[in-house]
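**Q** What follows is protein-v5.csv, CSV, C-alpha atoms.
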chain,number,residue,atom,x,y,z
A,285,MET,CA,16.9,-6.7,2.0
A,286,LEU,CA,16.4,-8.7,5.3
A,287,GLY,CA,18.7,-9.5,8.0
A,288,GLY,CA,20.5,-7.7,10.8
A,289,SER,CA,19.1,-6.1,13.9
A,290,SER,CA,16.2,-3.8,14.0
A,291,LEU,CA,15.4,-0.6,15.8
A,292,LEU,CA,12.2,-0.3,17.8
A,293,LEU,CA,11.0,3.2,17.4
A,294,PRO,CA,7.5,4.8,17.2
A,295,GLY,CA,8.2,7.1,14.2
A,296,LEU,CA,10.2,7.5,11.1
A,297,TRP,CA,11.2,10.8,9.4
A,298,LEU,CA,12.9,10.6,6.1
A,299,LEU,CA,14.2,14.1,5.8
A,300,GLY,CA,16.6,16.8,4.8
A,301,SER,CA,16.7,20.5,4.4
A,302,VAL,CA,16.6,22.8,1.4
A,303,ALA,CA,18.6,25.9,1.8
A,304,CYS,CA,16.8,29.2,1.2
A,305,LEU,CA,13.4,27.5,1.3
A,306,ARG,CA,11.4,30.7,1.7
A,307,GLY,CA,7.9,29.6,0.6
A,308,ALA,CA,6.6,28.6,4.0
A,309,ALA,CA,9.1,30.3,6.2
A,310,GLY,CA,7.8,32.3,9.1
A,311,GLY,CA,4.4,30.7,9.0
A,312,GLU,CA,3.7,31.6,5.4
A,313,GLY,CA,1.5,29.3,3.3
A,314,ARG,CA,1.5,28.0,-0.2
A,315,LYS,CA,-0.9,27.8,-3.0
A,316,VAL,CA,-1.5,24.1,-3.6
A,317,THR,CA,-3.1,22.5,-6.7
A,318,LEU,CA,-3.6,18.8,-7.5
A,319,GLU,CA,-3.7,17.6,-11.1
A,320,TYR,CA,-4.0,14.0,-12.2
A,321,ASN,CA,-2.4,12.7,-15.4
A,322,PRO,CA,-1.1,16.2,-16.5
A,323,GLY,CA,-1.2,16.6,-20.3
A,324,ARG,CA,-3.3,13.5,-20.9
A,325,ASN,CA,-7.0,12.9,-21.3
A,326,GLY,CA,-8.4,9.9,-19.4
A,327,SER,CA,-10.3,8.8,-16.4
A,328,SER,CA,-7.8,6.5,-14.7
A,329,LEU,CA,-5.5,8.1,-12.2
A,330,SER,CA,-1.9,6.8,-12.7
A,331,LEU,CA,0.0,10.0,-12.0
A,332,LEU,CA,-0.7,12.8,-9.5
A,333,HIS,CA,1.1,16.1,-9.6
A,334,VAL,CA,0.9,18.2,-6.4
A,335,ARG,CA,2.2,21.7,-7.1
A,336,ALA,CA,2.8,24.0,-4.1
A,337,VAL,CA,3.8,27.6,-5.0
A,338,GLY,CA,5.4,29.8,-2.4
A,339,ARG,CA,7.3,33.0,-2.4
A,340,ASN,CA,10.1,32.7,-5.0
A,341,ASP,CA,9.9,28.9,-5.2
A,342,THR,CA,7.8,25.9,-6.0
A,343,LEU,CA,7.6,22.4,-4.6
A,344,HIS,CA,6.6,19.5,-7.0
A,345,TYR,CA,5.4,16.2,-5.6
A,346,VAL,CA,4.8,13.6,-8.4
A,347,TRP,CA,3.1,10.5,-7.2
A,348,SER,CA,2.6,7.5,-9.6
A,349,SER,CA,1.4,3.9,-9.6
A,350,ILE,CA,3.3,3.2,-12.8
A,351,GLY,CA,5.6,0.3,-11.7
A,352,ALA,CA,6.1,0.4,-7.9
A,353,PRO,CA,4.3,3.3,-6.2
A,354,THR,CA,6.8,6.2,-6.2
A,355,VAL,CA,6.9,9.9,-5.3
A,356,LEU,CA,9.3,12.4,-6.9
A,357,LEU,CA,10.2,15.4,-4.8
A,358,LEU,CA,11.4,18.4,-6.8
A,359,TYR,CA,12.4,21.8,-5.4
A,360,THR,CA,12.6,24.7,-7.8
A,361,ARG,CA,13.6,28.3,-7.3
A,362,SER,CA,10.9,29.6,-9.5
A,363,GLU,CA,7.2,30.4,-8.9
A,364,SER,CA,6.4,29.5,-12.5
A,365,SER,CA,8.2,26.2,-12.9
A,366,ILE,CA,6.1,23.7,-14.9
A,367,LEU,CA,6.1,19.9,-14.9
A,368,HIS,CA,6.0,18.1,-18.3
A,369,VAL,CA,5.2,14.5,-19.1
A,370,ASN,CA,5.8,12.6,-22.3
A,371,TRP,CA,3.2,9.9,-21.9
A,372,THR,CA,4.3,7.9,-24.9
A,373,LYS,CA,7.8,7.6,-23.5
A,374,LEU,CA,6.6,7.1,-19.9
A,375,ASN,CA,4.5,4.1,-20.8
A,376,SER,CA,7.3,2.5,-22.8
A,377,THR,CA,10.0,0.1,-21.6
A,378,SER,CA,12.6,2.9,-21.8
A,379,PRO,CA,11.0,5.9,-19.9
A,380,ALA,CA,14.2,7.9,-19.4
A,381,GLY,CA,13.5,11.6,-20.0
A,382,ALA,CA,9.8,11.3,-20.0
A,383,ILE,CA,9.4,13.7,-17.0
A,384,TRP,CA,11.1,17.0,-16.8
A,385,VAL,CA,10.6,20.5,-15.4
A,386,GLU,CA,10.9,23.9,-17.1
A,387,PRO,CA,12.8,26.2,-16.8
A,388,SER,CA,15.4,23.4,-16.7
A,389,GLY,CA,17.8,25.3,-14.5
A,390,SER,CA,15.2,26.0,-11.9
A,391,VAL,CA,15.5,22.6,-10.2
A,392,VAL,CA,18.0,22.8,-7.4
A,393,TYR,CA,17.1,19.6,-5.5
A,394,SER,CA,15.5,16.3,-6.5
A,395,THR,CA,14.9,13.0,-4.8
A,396,ALA,CA,12.6,10.0,-5.0
A,397,VAL,CA,10.9,7.6,-2.5
A,398,VAL,CA,9.8,4.2,-3.8
A,399,PHE,CA,7.5,1.7,-2.0
A,400,THR,CA,8.7,-1.5,-3.5
A,401,LYS,CA,7.5,-4.6,-1.6
A,402,VAL,CA,5.3,-5.8,1.3
A,403,PHE,CA,6.7,-8.8,3.2
A,404,GLU,CA,4.6,-11.1,5.5
A,405,TYR,CA,6.2,-13.1,8.2
A,406,ASN,CA,5.4,-15.1,11.3
A,407,GLY,CA,5.2,-12.5,14.1
A,408,ALA,CA,4.8,-15.0,17.0
A,409,ASN,CA,8.0,-13.7,18.4
A,410,ALA,CA,7.7,-9.9,18.0
A,411,SER,CA,11.3,-9.3,19.2
A,412,ALA,CA,12.8,-11.6,16.6
A,413,LEU,CA,13.7,-8.8,14.3
A,414,SER,CA,15.5,-7.0,17.1
A,415,THR,CA,17.5,-10.1,18.2
A,416,GLY,CA,18.4,-11.2,14.6
A,417,GLN,CA,16.5,-14.5,15.0
A,418,GLY,CA,15.1,-16.1,11.9
A,419,GLU,CA,11.4,-15.7,11.0
A,420,THR,CA,9.2,-17.5,8.6
A,421,PHE,CA,8.8,-15.3,5.6
A,422,TYR,CA,6.1,-15.9,3.0
A,423,PRO,CA,6.7,-14.9,-0.7
A,424,PRO,CA,6.6,-11.1,-0.8
A,425,TYR,CA,4.0,-8.9,-2.5
A,426,ASP,CA,5.8,-6.9,-5.2
A,427,LEU,CA,3.8,-3.7,-5.5
A,428,ALA,CA,4.9,-3.2,-9.1
A,429,ASP,CA,2.7,-6.2,-9.9
A,430,PHE,CA,-0.5,-4.6,-8.5
A,431,SER,CA,-3.3,-3.1,-10.5
A,432,TRP,CA,-4.1,0.4,-9.2
A,433,ASN,CA,-7.2,2.6,-9.2
A,434,GLY,CA,-7.0,6.3,-8.2
A,435,SER,CA,-9.4,8.9,-6.9
A,436,LEU,CA,-8.9,12.7,-6.3
A,437,ASN,CA,-10.5,15.2,-3.9
A,438,GLN,CA,-9.5,18.7,-4.9
A,439,THR,CA,-11.4,20.3,-2.0
A,440,ALA,CA,-9.7,18.2,0.7
A,441,LEU,CA,-6.3,18.2,-1.2
A,442,THR,CA,-6.2,14.4,-1.0
A,443,ALA,CA,-5.8,11.5,-3.5
A,444,LYS,CA,-5.9,7.8,-3.1
A,445,PHE,CA,-4.2,4.9,-5.0
A,446,GLN,CA,-5.9,1.6,-4.3
A,447,GLY,CA,-4.4,-1.6,-5.5
A,448,VAL,CA,-5.0,-5.4,-5.7
A,449,LYS,CA,-2.6,-8.1,-6.8
A,450,THR,CA,-3.1,-8.9,-10.5
A,451,SER,CA,-2.2,-12.6,-10.0
A,452,ASP,CA,-3.6,-13.9,-6.7
A,453,PRO,CA,-3.6,-17.7,-6.7
A,454,GLY,CA,-3.9,-17.8,-2.9
A,455,GLY,CA,-6.9,-15.5,-2.8
A,456,ALA,CA,-5.3,-13.1,-0.3
A,457,PHE,CA,-6.8,-10.1,-2.1
A,458,ARG,CA,-10.2,-11.6,-2.9
A,459,ASN,CA,-11.7,-9.0,-0.6
A,460,GLY,CA,-8.6,-7.1,0.4
A,461,THR,CA,-6.7,-4.1,-0.9
A,462,ILE,CA,-3.5,-2.1,-0.3
A,463,SER,CA,-3.8,1.7,-0.6
A,464,PHE,CA,-1.7,4.8,-0.5
A,465,GLN,CA,-3.5,8.0,0.5
A,466,VAL,CA,-1.8,11.3,-0.2
A,467,THR,CA,-2.6,14.6,1.6
A,468,ALA,CA,-1.2,18.0,0.6
A,469,TYR,CA,-1.0,21.0,2.9
A,470,GLU,CA,-1.2,24.8,2.3
A,471,GLN,CA,0.0,25.9,5.7
A,472,SER,CA,1.5,24.8,9.0
A,473,SER,CA,-1.0,23.0,11.3
A,474,ARG,CA,-1.8,19.6,12.8
A,475,ASP,CA,-3.9,16.8,11.4
A,476,SER,CA,-7.3,16.3,12.8
A,477,PRO,CA,-7.4,12.5,12.7
A,478,LEU,CA,-5.0,10.5,14.8
A,479,PRO,CA,-2.0,10.4,15.1
A,480,ARG,CA,-2.4,14.2,14.6
A,481,LEU,CA,0.9,14.7,12.7
A,482,LEU,CA,2.4,18.2,13.0
A,483,HIS,CA,3.1,19.5,9.5
A,484,THR,CA,4.2,22.5,7.5
A,485,ALA,CA,3.4,23.9,4.1
A,486,ASN,CA,6.7,22.3,2.9
A,487,SER,CA,5.4,18.8,3.6
A,488,SER,CA,2.8,16.3,2.6
A,489,LYS,CA,1.5,13.1,4.1
A,490,VAL,CA,1.2,9.5,2.8
A,491,GLU,CA,-0.9,6.9,4.6
A,492,PHE,CA,-0.3,3.2,3.8
A,493,ILE,CA,-3.4,1.1,4.4
A,494,MET,CA,-3.9,-2.7,4.4
A,495,ASP,CA,-7.6,-3.6,4.5
A,496,ARG,CA,-8.9,-7.2,4.7
A,497,VAL,CA,-5.9,-8.8,3.0
A,498,ALA,CA,-6.1,-12.4,4.1
A,499,PRO,CA,-3.0,-13.3,6.3
A,500,ARG,CA,-1.1,-16.5,5.4
A,501,GLY,CA,-0.4,-17.3,9.1
A,502,ASN,CA,-1.9,-17.2,12.5
A,503,SER,CA,0.5,-14.5,13.8
A,504,SER,CA,1.2,-12.6,10.7
A,505,ARG,CA,3.1,-9.3,10.8
A,506,PHE,CA,4.0,-7.1,7.7
A,507,LEU,CA,7.0,-5.3,6.6
A,508,LEU,CA,7.1,-2.5,4.0
A,509,GLU,CA,10.3,-1.9,2.1
A,510,VAL,CA,11.0,1.8,1.3
A,511,VAL,CA,13.8,2.7,-1.1
A,512,THR,CA,15.2,6.3,-1.5
A,513,VAL,CA,17.0,7.7,-4.5
A,514,GLU,CA,19.5,10.6,-3.9
A,515,GLU,CA,22.3,12.3,-5.7
A,516,ARG,CA,25.7,10.7,-5.1
A,517,GLY,CA,27.8,12.2,-2.4
A,518,ARG,CA,24.9,12.7,0.1
A,519,ARG,CA,25.2,10.8,3.4
A,520,LYS,CA,22.1,9.4,5.1
A,521,ARG,CA,21.9,9.3,8.9
A,522,LEU,CA,19.2,7.5,10.9
A,523,ASN,CA,18.7,8.9,14.4
A,524,SER,CA,15.9,9.3,16.9
A,525,VAL,CA,14.3,12.5,18.3
A,526,GLN,CA,12.7,12.8,21.7
A,527,SER,CA,9.4,14.5,22.3
A,528,ILE,CA,7.9,15.3,25.7
A,529,ASP,CA,4.7,17.1,24.5
A,530,ASP,CA,1.9,14.6,25.2
A,531,GLU,CA,-1.2,16.8,24.6
A,532,TYR,CA,-1.9,15.4,21.1
A,533,THR,CA,-0.1,12.0,21.0
A,534,PRO,CA,0.0,10.7,24.5
A,535,THR,CA,1.7,7.4,23.6
A,536,ILE,CA,4.4,8.8,21.3
A,537,PHE,CA,7.5,10.2,22.8
A,538,GLU,CA,10.2,9.3,20.2
A,539,MET,CA,10.6,9.8,16.4
A,540,ALA,CA,13.1,8.3,14.1
A,541,GLN,CA,14.7,10.6,11.5
A,542,LEU,CA,16.3,9.4,8.3
A,543,VAL,CA,18.3,12.5,7.3
A,544,SER,CA,19.8,13.2,3.9
A,545,GLU,CA,22.8,15.5,4.5
A,546,PRO,CA,23.9,17.9,1.7
A,547,HIS,CA,27.4,17.3,0.3
A,548,ASN,CA,29.7,20.3,0.8
A,549,ASP,CA,27.7,23.4,-0.3
A,550,SER,CA,25.1,21.5,-2.3
A,551,ILE,CA,21.4,22.2,-1.6
A,552,GLY,CA,18.6,20.0,-0.4
A,553,SER,CA,17.1,16.9,1.2
A,554,SER,CA,13.8,15.2,1.9
A,555,PHE,CA,11.8,13.7,4.9
A,556,PHE,CA,9.4,11.0,6.0
A,557,GLN,CA,7.7,10.5,9.5
A,558,SER,CA,5.6,7.8,11.1
A,559,PRO,CA,4.3,8.1,14.7
A,560,ILE,CA,3.4,4.5,15.5
A,561,HIS,CA,5.2,1.7,17.2
A,562,CYS,CA,7.2,-0.1,14.5
A,563,HIS,CA,10.4,-2.0,14.0
A,564,TYR,CA,12.9,-0.4,11.7
A,565,GLN,CA,15.7,-2.4,10.3
A,566,PRO,CA,19.0,-0.5,9.8
A,567,LEU,CA,19.5,1.6,6.7
A,568,GLN,CA,21.0,-0.4,3.8
A,569,THR,CA,23.0,1.4,1.1
A,570,ALA,CA,25.5,-1.1,-0.3
A,571,ASN,CA,24.8,-2.8,-3.7
A,572,ARG,CA,21.3,-1.5,-4.0
A,573,THR,CA,19.4,-1.6,-7.3
A,574,LEU,CA,15.9,-0.3,-8.2
A,575,ALA,CA,13.8,-2.4,-10.5
A,576,GLY,CA,12.1,-0.5,-13.3
A,577,PRO,CA,10.5,1.1,-15.1
A,578,SER,CA,9.2,3.7,-12.7
A,579,ILE,CA,8.9,7.5,-12.7
A,580,ALA,CA,12.2,7.5,-10.9
A,581,HIS,CA,13.8,6.1,-14.0
A,582,ALA,CA,11.7,8.6,-16.1
A,583,TYR,CA,13.2,11.6,-14.3
A,584,PHE,CA,16.7,10.4,-13.3
A,585,GLY,CA,17.5,8.1,-16.2
A,586,GLU,CA,17.6,4.4,-16.6
A,587,ALA,CA,21.1,4.0,-15.2
A,588,LEU,CA,20.3,5.8,-12.0
A,589,GLU,CA,22.1,3.2,-9.9
A,590,HIS,CA,25.4,4.5,-11.3
A,591,SER,CA,24.6,8.2,-11.0
A,592,HIS,CA,22.6,8.2,-7.7
A,593,SER,CA,22.8,6.7,-4.3
A,594,ILE,CA,20.1,4.1,-3.5
A,595,ALA,CA,19.2,3.2,0.1
A,596,ALA,CA,16.5,1.1,1.7
A,597,ILE,CA,14.8,0.8,5.1
A,598,ASN,CA,12.4,-1.8,6.2
A,599,ILE,CA,9.4,-0.9,8.4
A,600,SER,CA,7.6,-3.7,10.3
A,601,PHE,CA,4.2,-3.3,11.8
A,602,GLY,CA,1.1,-5.3,12.8
A,603,GLY,CA,0.9,-5.2,16.5
A,604,GLU,CA,2.6,-7.3,19.1
A,605,ASP,CA,2.7,-10.9,17.9
A,606,GLY,CA,0.4,-10.0,15.0
A,607,GLU,CA,-2.8,-10.0,17.1
A,608,VAL,CA,-3.9,-6.5,16.0
A,609,TYR,CA,-4.2,-7.4,12.3
A,610,MET,CA,-5.7,-10.8,13.1
A,611,GLU,CA,-8.5,-9.1,15.1
A,612,LYS,CA,-9.2,-6.1,13.0
A,613,GLY,CA,-8.0,-7.0,9.5
A,614,TYR,CA,-6.9,-3.4,9.1
A,615,LEU,CA,-3.5,-1.6,9.3
A,616,SER,CA,-2.8,2.0,8.8
A,617,TRP,CA,0.7,3.6,8.8
A,618,SER,CA,1.0,7.4,8.4
A,619,ALA,CA,4.2,9.2,7.3
A,620,LEU,CA,5.2,12.8,6.5
A,621,LEU,CA,7.6,13.8,3.8
A,622,GLY,CA,8.7,17.1,2.3
A,623,PHE,CA,11.4,19.7,2.3
A,624,GLY,CA,13.1,21.9,4.8
A,625,THR,CA,13.4,21.6,8.5
A,626,PRO,CA,11.1,18.9,9.9
A,627,PRO,CA,8.4,20.2,12.3
A,628,GLU,CA,9.1,19.8,16.0
A,629,ASP,CA,6.7,19.6,18.9
A,630,THR,CA,7.1,22.4,21.4
A,631,PHE,CA,5.4,22.9,24.8
A,632,SER,CA,1.7,23.6,24.1
A,633,PRO,CA,-0.2,26.2,26.1
A,634,LEU,CA,-2.0,23.4,27.9
A,635,VAL,CA,1.3,21.8,29.0
A,636,ILE,CA,2.8,25.1,29.9
A,637,ALA,CA,-0.3,25.9,32.1
A,638,ILE,CA,-0.1,22.6,33.8
A,639,MET,CA,3.6,23.0,34.5
A,640,ALA,CA,2.9,26.6,35.8
A,641,VAL,CA,0.3,25.4,38.2
A,642,ALA,CA,2.3,22.4,39.3
A,643,LEU,CA,5.5,24.4,39.9
A,644,GLY,CA,3.9,27.8,40.8
A,645,THR,CA,1.4,26.6,43.4
A,646,PRO,CA,4.0,25.5,46.0
A,647,VAL,CA,5.9,28.7,45.6
A,648,VAL,CA,2.8,30.8,46.1
A,649,LEU,CA,1.9,28.8,49.2
A,650,LEU,CA,5.4,29.2,50.6
A,651,LEU,CA,5.4,33.0,50.1
A,652,ALA,CA,1.9,33.2,51.6
A,653,GLY,CA,3.0,31.3,54.6
A,654,VAL,CA,6.0,33.5,55.1
A,655,LEU,CA,3.9,36.6,54.9
A,656,VAL,CA,1.3,35.3,57.3
A,657,LEU,CA,4.1,34.3,59.8
A,658,LEU,CA,5.7,37.8,59.6
A,659,PHE,CA,2.4,39.5,60.0
A,660,THR,CA,1.5,37.3,63.0
A,661,ARG,CA,4.8,37.9,64.8
A,662,ARG,CA,4.6,41.7,64.2
A,663,LYS,CA,1.1,41.8,65.6
A,664,ARG,CA,2.0,39.9,68.7
A,665,TYR,CA,4.9,42.2,69.6
A,666,SER,CA,2.8,45.3,69.0
A,667,GLU,CA,0.5,44.3,71.9
A,668,TYR,CA,3.2,45.2,74.6
A,669,GLU,CA,3.5,48.8,76.0
A,670,PRO,CA,7.0,50.3,75.8
A,671,ILE,CA,8.8,50.6,79.2
A,672,ASN,CA,10.0,54.1,80.0
When written as C-alpha cells, how does the structure in this file appear?
**A**
Amino acid sequence: MLGGSSLLLPGLWLLGSVACLRGAAGGEGRKVTLEYNPGRNGSSLSLLHVRAVGRNDTLHYVWSSIGAPTVLLLYTRSESSILHVNWTKLNSTSPAGAIWVEPSGSVVYSTAVVFTKVFEYNGANASALSTGQGETFYPPYDLADFSWNGSLNQTALTAKFQGVKTSDPGGAFRNGTISFQVTAYEQSSRDSPLPRLLHTANSSKVEFIMDRVAPRGNSSRFLLEVVTVEERGRRKRLNSVQSIDDEYTPTIFEMAQLVSEPHNDSIGSSFFQSPIHCHYQPLQTANRTLAGPSIAHAYFGEALEHSHSIAAINISFGGEDGEVYMEKGYLSWSALLGFGTPPEDTFSPLVIAIMAVALGTPVVLLLAGVLVLLFTRRKRYSEYEPIN
C-alpha cells in the first residue's frame, strides 16, 4: 500500500465518461430520491440508495457502512430501473448476489469505490512522502472494524455515516469520530460552502471528516486509502488539470484526475474530485485484493479480484507538518464522484469583466489620444488663410 513517491496536487477527480448519458445533458436536471435500507424495516442506517432519474436513464448510487464504507455506481439505460436487496444474504458471510438491478439488462456500466483504511504517521517532514523517505507509521485504522450510525435529510438530499472504532484500547476515539457525509444533486450548480465544488446532476459529493480523534504523535498527518473496482480491460490514468478561474476558489489552480478509460467500444467510467492541498501517492494496480464482505462483493461477486481490476490510491492530508490537525482537531476532505464528463471551470462573468477592463482601458485611452491629436492638428491648420 505504502511506498514510492507521491504527487502534491490540490485535488483529485476519480472519473470516467458514460456514452450517451442524456439525463443531465444540456443543463437538464434529474429527479433525485434518497432511501435508506430499501426493502427493510429498521431505524439504523446501514445502506443508502440514491436514485437519480433523467431522460431515458437512471443513475444509482448505493452507499453502505457494511464492512468498509463503500459506494456502488450503477448506470442504467432505463427510467424505471429498480434496485433490489436480499438482506438475509447481504448480512451473511457470502453476500454475492445480494444486490441487483431490474431490468437486468438495463445496467450498462458499474463500478465501486471503497474507503478501506486511515493511516496515521509522523508528519514532521511533510515532504517525506514526495522524496520517498521513511516515516513513522502507527497501526492503521481499518474502517471495516468501525461501528457506524447514519442519518438522512431528504430535504437537503444529504446523508451522514458516523463511525467510531469498536475496539479502542488507546482511547483515540473516546471523544472522536470519523464521518462520511453524502450529498446528491438534481442539477448543475456550485456548492455554497467552501471549497465550492462545481457539480452536475450526474455527480454526487462525499465529505470525509475526522473530528477530535486523538493523535498518537506530536506532528501527526493522516492518509486515506481509496480502492476502486472496475471491469477488466479498463485502463486508469492519473493526470492533473489546470484551472485559472479564481473567483470561487482563489487558492486552487490544479486538480488531479483519476480517469477510467473504456476498453474498445465499451461504455462507462466514474469520477472523484478533491480541491485541497494533499499528497497523492501513485496509483497502484498490481496484486490488489479487496477484503470482504462488502456491498462490492454483494454486487460483483465474491471472486471479484479475478473478474475485475482493483486499484488503490493513497491521499495524505493534515496540514504542513501536521500543525493544522494539532491546532483544530478537525479535518475535512471533500470529493466529487459520478458519471459523464467532469465539470470544468470556465471564465466567470466577473473574471471576464476584469479582463475586459484591464485589456480594454489602454486600448480606449490610446484611441482617444489619437482622436484628440488628429482633432488638434486639424484645428491648428484651419486657422491659416489660404494664399491666392
**Q** Which residue gives the smallest distance to Ile579 of chain A among A:Leu329, A:Leu318, A:Ala336, A:Leu374, with all atoms listed in the file counted?
**A**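 When distances to Ile579 of chain A are compared using all atoms listed in the file, the smallest one comes from A:Leu374.
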**Q** Atom CA of Thr467 of chain A and atom CA of Ser362 of chain A, how far apart in Å?
**A** 23.0 Å
**Q** Within 6 Å of (19.5, 8.7, 7.1), only C-alpha atoms: residues as a PDB file with C-alpha atoms, keeping the file's coordinate frame?
**A**
ATOM      1  CA  LYS A 520      22.100   9.400   5.100  1.00  0.00           C
ATOM      2  CA  ARG A 521      21.900   9.300   8.900  1.00  0.00           C
ATOM      3  CA  LEU A 522      19.200   7.500  10.900  1.00  0.00           C
ATOM      4  CA  LEU A 542      16.300   9.400   8.300  1.00  0.00           C
ATOM      5  CA  VAL A 543      18.300  12.500   7.300  1.00  0.00           C
ATOM      6  CA  SER A 544      19.800  13.200   3.900  1.00  0.00           C
TER       7      SER A 544
END
**Q** Closest to Glu386 of chain A among A:Gly351, A:Lys373, A:Phe584, A:His344, using all atoms listed in the file?
**A**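 Once distances to Glu386 of chain A are computed over all atoms listed in the file, the minimum belongs to A:His344.
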**Q** With all atoms listed in the file as the counted atoms, please give the residues lying no more than 9 Å from Thr450 of chain A, apart from itself and same-chain residues fewer than 5 positions off, as a PyMOL selection string.
**A** chain A and resi 429-431
**Q** Could you check how far atom CA of Tyr583 of chain A sits from atom CA of His368 of chain A, in Å to one decimal?
**A**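 Computed distance, atom CA of Tyr583 of chain A to atom CA of His368 of chain A, equals 10.5 Å.
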**Q** What does the distance from atom CA of Glu312 of chain A to atom CA of Phe623 of chain A come to in Å, to one decimal?
**A**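 Separation between atom CA of Glu312 of chain A and atom CA of Phe623 of chain A: 14.5 Å.
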**Q** So which residues touch Ser487 of chain A within 7 Å, counting all atoms listed in the file, skipping near sequence neighbours fewer than 6 positions away, as a VMD selection string?
**A** chain A and resid 469 620 to 623
**Q** Neighbours of segment 507-516 of chain A within 7 Å (only C-alpha atoms; same-chain residues fewer than 3 positions away dropped), as a PyMOL selection string?
**A** chain A and resi 395-404+591-601
**Q** Would you list the contacts of Gly434 of chain A as a ChimeraX atom specification, taking every protein, DNA or RNA residue within 8 Å and counting only C-alpha atoms, but skipping same-chain residues closer than 2 positions in sequence?
**A** /A:328-330,432,436,443-446
**Q** Kindly indicate which residue among A:Arg500, A:Ala440, A:Lys489, A:Ile462 lies nearest to Pro423 of chain A, using all atoms listed in the file for the distances.
**A**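 Selected residue with least distance to Pro423 of chain A: A:Arg500.
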